[in-house]
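Worksheet: the structure to be examined is printed underneath.
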Amino acid sequence: MNLPNKITLSRIFLIPIFIILMSVPFDWGTFQMEDRELPVAHLAGALLFILASTTDWIDGYIARKYNLVTNLGKFLDPLADKLLVSAALILLVEIGLAPAWIVILIISREFAVTGLRLVAAGEGSVLAASQMGKLKTWIQIIAISLLLLHNWPFAFVGFPLGMIALYLALFITVYSGYDYFKKNWHVMRDSK
């Protein structure tokens, strides 16, 4: 259990705290932004989500810089990303900030890729995240962060960057899933 893996685990442990902040009806008030309101609980949840998301970059940087890449890390890192992003997307649907159909498609892709990774693991292989998968994760994180912040600061000018980023995340998520299966189909084809 090296430092990057401990950082990845910290991301997983932050998820229940994030869920509590976003789903328990804390009445901490709201920030008034012209004609828009941002509940303090959503701001706190967004900041915690952003903090947890940055650990993805930190653990990867440390693992690569100090040659601490492990099979456990290759497994845990994408799992932590999927758990955090899935929790955030489901909460965004619950609070009415994201369409359910987009969230269903994104999470379905995540289950499918996880299934492929499990088949590979059963065959003794570990499939690391691709560059397209990493791009997908970062665009999802940007979209979720903007939506958790109620599209601040772009809401002031009426530019729906949060929703645009969510649609972009959907496109890249579906495409990267297709690409991942195309490149790793041999795992399914050759499984016993």
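Just so we're on the same page: first chain in the structure tokens is A, next is B, and so on; residues restart at 1 for each chain, and ligands are numbered from 1 in the order they show up.
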Residue neighbourhood region 9-17 of chain A, 7 Å, only C-alpha atoms, exclusion window fewer than 4 positions, as number ranges by chain: A: 5, 21, 52, 55, 80, 84
List as JSON, numbers by chain the protein and nucleic acid residues near Ile95 (chain A), meaning an atom at most 10 Å away when only C-alpha atoms are counted, but skip any in the same chain fewer than 2 places from it. {"A": [22, 23, 42, 90, 91, 92, 93, 97, 98, 148]}
With all heavy atoms retained, could you export that selection as a JSON list (two decimals), in the first residue's frame?
[["chain", "number", "residue", "atom", "x", "y", "z"],
["A", 22, "MET", "N", -24.53, 16.60, 0.14],
["A", 22, "MET", "CA", -25.44, 16.92, -0.96],
["A", 22, "MET", "C", -26.87, 16.41, -0.74],
["A", 22, "MET", "O", -27.80, 16.94, -1.34],
["A", 22, "MET", "CB", -24.89, 16.35, -2.27],
["A", 22, "MET", "CG", -23.63, 17.02, -2.75],
["A", 22, "MET", "SD", -23.79, 18.79, -3.04],
["A", 22, "MET", "CE", -25.02, 18.82, -4.34],
["A", 23, "SER", "N", -27.04, 15.38, 0.07],
["A", 23, "SER", "CA", -28.38, 14.78, 0.15],
["A", 23, "SER", "C", -29.12, 15.05, 1.46],
["A", 23, "SER", "O", -30.35, 15.00, 1.48],
["A", 23, "SER", "CB", -28.31, 13.27, -0.11],
["A", 23, "SER", "OG", -27.47, 12.65, 0.84],
["A", 42, "HIS", "N", -24.64, 23.04, -1.34],
["A", 42, "HIS", "CA", -24.17, 22.70, -2.69],
["A", 42, "HIS", "C", -22.75, 23.23, -2.91],
["A", 42, "HIS", "O", -21.93, 22.57, -3.55],
["A", 42, "HIS", "CB", -25.11, 23.26, -3.75],
["A", 42, "HIS", "CG", -26.43, 22.57, -3.77],
["A", 42, "HIS", "ND1", -27.37, 22.79, -4.75],
["A", 42, "HIS", "CD2", -26.99, 21.66, -2.93],
["A", 42, "HIS", "CE1", -28.44, 22.05, -4.51],
["A", 42, "HIS", "NE2", -28.22, 21.36, -3.40],
["A", 90, "ILE", "N", -25.62, 11.03, -9.96],
["A", 90, "ILE", "CA", -26.91, 10.62, -9.39],
["A", 90, "ILE", "C", -27.47, 11.72, -8.50],
["A", 90, "ILE", "O", -28.67, 12.04, -8.55],
["A", 90, "ILE", "CB", -26.78, 9.29, -8.64],
["A", 90, "ILE", "CG1", -26.50, 8.16, -9.64],
["A", 90, "ILE", "CG2", -28.02, 8.99, -7.82],
["A", 90, "ILE", "CD1", -26.04, 6.86, -9.02],
["A", 91, "LEU", "N", -26.62, 12.35, -7.70],
["A", 91, "LEU", "CA", -27.07, 13.46, -6.86],
["A", 91, "LEU", "C", -27.53, 14.65, -7.70],
["A", 91, "LEU", "O", -28.49, 15.34, -7.33],
["A", 91, "LEU", "CB", -25.98, 13.87, -5.88],
["A", 91, "LEU", "CG", -25.74, 12.87, -4.75],
["A", 91, "LEU", "CD1", -24.44, 13.18, -4.03],
["A", 91, "LEU", "CD2", -26.91, 12.88, -3.78],
["A", 92, "LEU", "N", -26.87, 14.90, -8.83],
["A", 92, "LEU", "CA", -27.30, 15.99, -9.71],
["A", 92, "LEU", "C", -28.69, 15.73, -10.27],
["A", 92, "LEU", "O", -29.48, 16.66, -10.43],
["A", 92, "LEU", "CB", -26.29, 16.20, -10.84],
["A", 92, "LEU", "CG", -24.99, 16.90, -10.45],
["A", 92, "LEU", "CD1", -23.98, 16.82, -11.58],
["A", 92, "LEU", "CD2", -25.26, 18.36, -10.07],
["A", 93, "VAL", "N", -28.99, 14.47, -10.57],
["A", 93, "VAL", "CA", -30.35, 14.14, -11.03],
["A", 93, "VAL", "C", -31.34, 14.38, -9.89],
["A", 93, "VAL", "O", -32.40, 14.97, -10.08],
["A", 93, "VAL", "CB", -30.43, 12.67, -11.53],
["A", 93, "VAL", "CG1", -31.87, 12.25, -11.77],
["A", 93, "VAL", "CG2", -29.62, 12.50, -12.80],
["A", 97, "LEU", "N", -30.52, 19.00, -11.42],
["A", 97, "LEU", "CA", -29.55, 19.77, -12.19],
["A", 97, "LEU", "C", -28.98, 19.02, -13.39],
["A", 97, "LEU", "O", -28.16, 19.58, -14.13],
["A", 97, "LEU", "CB", -28.41, 20.24, -11.28],
["A", 97, "LEU", "CG", -28.82, 21.22, -10.18],
["A", 97, "LEU", "CD1", -27.64, 21.53, -9.27],
["A", 97, "LEU", "CD2", -29.39, 22.50, -10.77],
["A", 98, "ALA", "N", -29.37, 17.75, -13.57],
["A", 98, "ALA", "CA", -28.88, 16.97, -14.72],
["A", 98, "ALA", "C", -30.00, 16.05, -15.19],
["A", 98, "ALA", "O", -30.74, 15.50, -14.37],
["A", 98, "ALA", "CB", -27.65, 16.17, -14.34],
["A", 148, "LEU", "N", -22.72, 21.49, -10.00],
["A", 148, "LEU", "CA", -22.86, 21.57, -8.54],
["A", 148, "LEU", "C", -22.83, 23.03, -8.07],
["A", 148, "LEU", "O", -23.46, 23.38, -7.08],
["A", 148, "LEU", "CB", -21.73, 20.79, -7.85],
["A", 148, "LEU", "CG", -21.82, 19.27, -7.90],
["A", 148, "LEU", "CD1", -20.53, 18.64, -7.37],
["A", 148, "LEU", "CD2", -23.03, 18.77, -7.13]]
So that I can see what lies close to region 151-159 of chain A, please list as a PyMOL selection string the residues with an atom at most 12 Å from it, counting only C-alpha atoms and leaving out residues fewer than 5 positions away in the same chain. chain A and resi 31-38+42-43+46+97-98+142-146+164-166
Keeping C-alpha atoms, export the residues of the selection given above as a PDB file, in the first residue's frame.
ATOM      1  CA  PHE A  31     -25.582  32.694  -1.504  1.00  0.00           C
ATOM      2  CA  GLN A  32     -27.544  35.202  -3.523  1.00  0.00           C
ATOM      3  CA  MET A  33     -25.980  35.789  -6.929  1.00  0.00           C
ATOM      4  CA  GLU A  34     -28.019  38.469  -8.648  1.00  0.00           C
ATOM      5  CA  ASP A  35     -31.270  36.627  -9.407  1.00  0.00           C
ATOM      6  CA  ARG A  36     -29.834  33.175  -8.660  1.00  0.00           C
ATOM      7  CA  GLU A  37     -29.307  31.295  -5.418  1.00  0.00           C
ATOM      8  CA  LEU A  38     -26.616  28.780  -4.548  1.00  0.00           C
ATOM      9  CA  HIS A  42     -24.166  22.701  -2.694  1.00  0.00           C
ATOM     10  CA  LEU A  43     -21.126  24.983  -2.498  1.00  0.00           C
ATOM     11  CA  ALA A  46     -18.884  21.176  -4.881  1.00  0.00           C
ATOM     12  CA  LEU A  97     -29.549  19.774 -12.192  1.00  0.00           C
ATOM     13  CA  ALA A  98     -28.885  16.973 -14.718  1.00  0.00           C
ATOM     14  CA  ILE A 142     -15.525  19.883 -15.025  1.00  0.00           C
ATOM     15  CA  ALA A 143     -19.182  19.403 -15.997  1.00  0.00           C
ATOM     16  CA  ILE A 144     -20.149  18.095 -12.563  1.00  0.00           C
ATOM     17  CA  SER A 145     -18.275  20.898 -10.786  1.00  0.00           C
ATOM     18  CA  LEU A 146     -20.039  23.556 -12.862  1.00  0.00           C
ATOM     19  CA  ILE A 164     -22.654  22.059 -22.598  1.00  0.00           C
ATOM     20  CA  ALA A 165     -19.824  20.352 -20.679  1.00  0.00           C
ATOM     21  CA  LEU A 166     -22.228  17.590 -19.606  1.00  0.00           C
TER      22      LEU A 166
END
Let me make sure I understand: among A:Gly60, A:Gly45, A:Gly133, A:Gly29, which one has the smallest atom-to-atom distance to Arg109 (chain A) if we use only C-alpha atoms? A:Gly133
Go through A:Val24, A:Leu168, A:Leu3, A:Leu135 and flag the residue nearest Leu68 (chain A), using only C-alpha atoms for the distances.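 Among A:Val24, A:Leu168, A:Leu3, A:Leu135, it is A:Leu3 that comes nearest to Leu68 (chain A).
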When distances are computed from only C-alpha atoms, which of A:Phe111, A:Tyr66, A:Phe26, A:Phe171 shows the smallest separation from Ile139 (chain A)? A:Phe171
Atom pair CA of Trp138 (chain A) / CA of Leu47 (chain A): separation (Å):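 Calculated distance between CA of Trp138 (chain A) and CA of Leu47 (chain A) is 15.6 Å.
For the residues A:Leu105, A:Leu161, A:Leu127, A:Val40, ranking by smallest atom-to-atom distance to Lys74 (chain A) using only C-alpha atoms places A:Leu127 first.
Nearest-residue note for Met163 (chain A): choosing from A:Ser108, A:Gln140, A:Thr114, A:Ser86, the minimum distance belongs to A:Gln140, counting only C-alpha atoms.
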Based on the backbone DSSP call, show me all residues of chain A assigned strand (DSSP E or B), as a PyMOL selection string. chain A and resi 30-33+36-39
Restricting it to C-alpha atoms, dump the selection as a compact mmCIF listing (two decimals), in the first residue's frame.
# COMPACT_ATOMS: atom_id res chain seq x y z
CA THR A 30 -27.85 30.39 0.41
CA PHE A 31 -25.58 32.69 -1.50
CA GLN A 32 -27.54 35.20 -3.52
CA MET A 33 -25.98 35.79 -6.93
CA ARG A 36 -29.83 33.18 -8.66
CA GLU A 37 -29.31 31.29 -5.42
CA LEU A 38 -26.62 28.78 -4.55
CA PRO A 39 -27.30 26.72 -1.41
Could you go through region 135-191 of chain A and tell me which residues DSSP, when run on the backbone, assigns to helix (DSSP H, G or I), listing them as a PyMOL selection string? chain A and resi 135-148+154-157+161-190
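Among A:Ala63, A:Ile58, A:Val126, A:Ala112, the residue with the shortest atom-to-atom distance to Lys82 (chain A), counting only C-alpha atoms, is A:Ala112.
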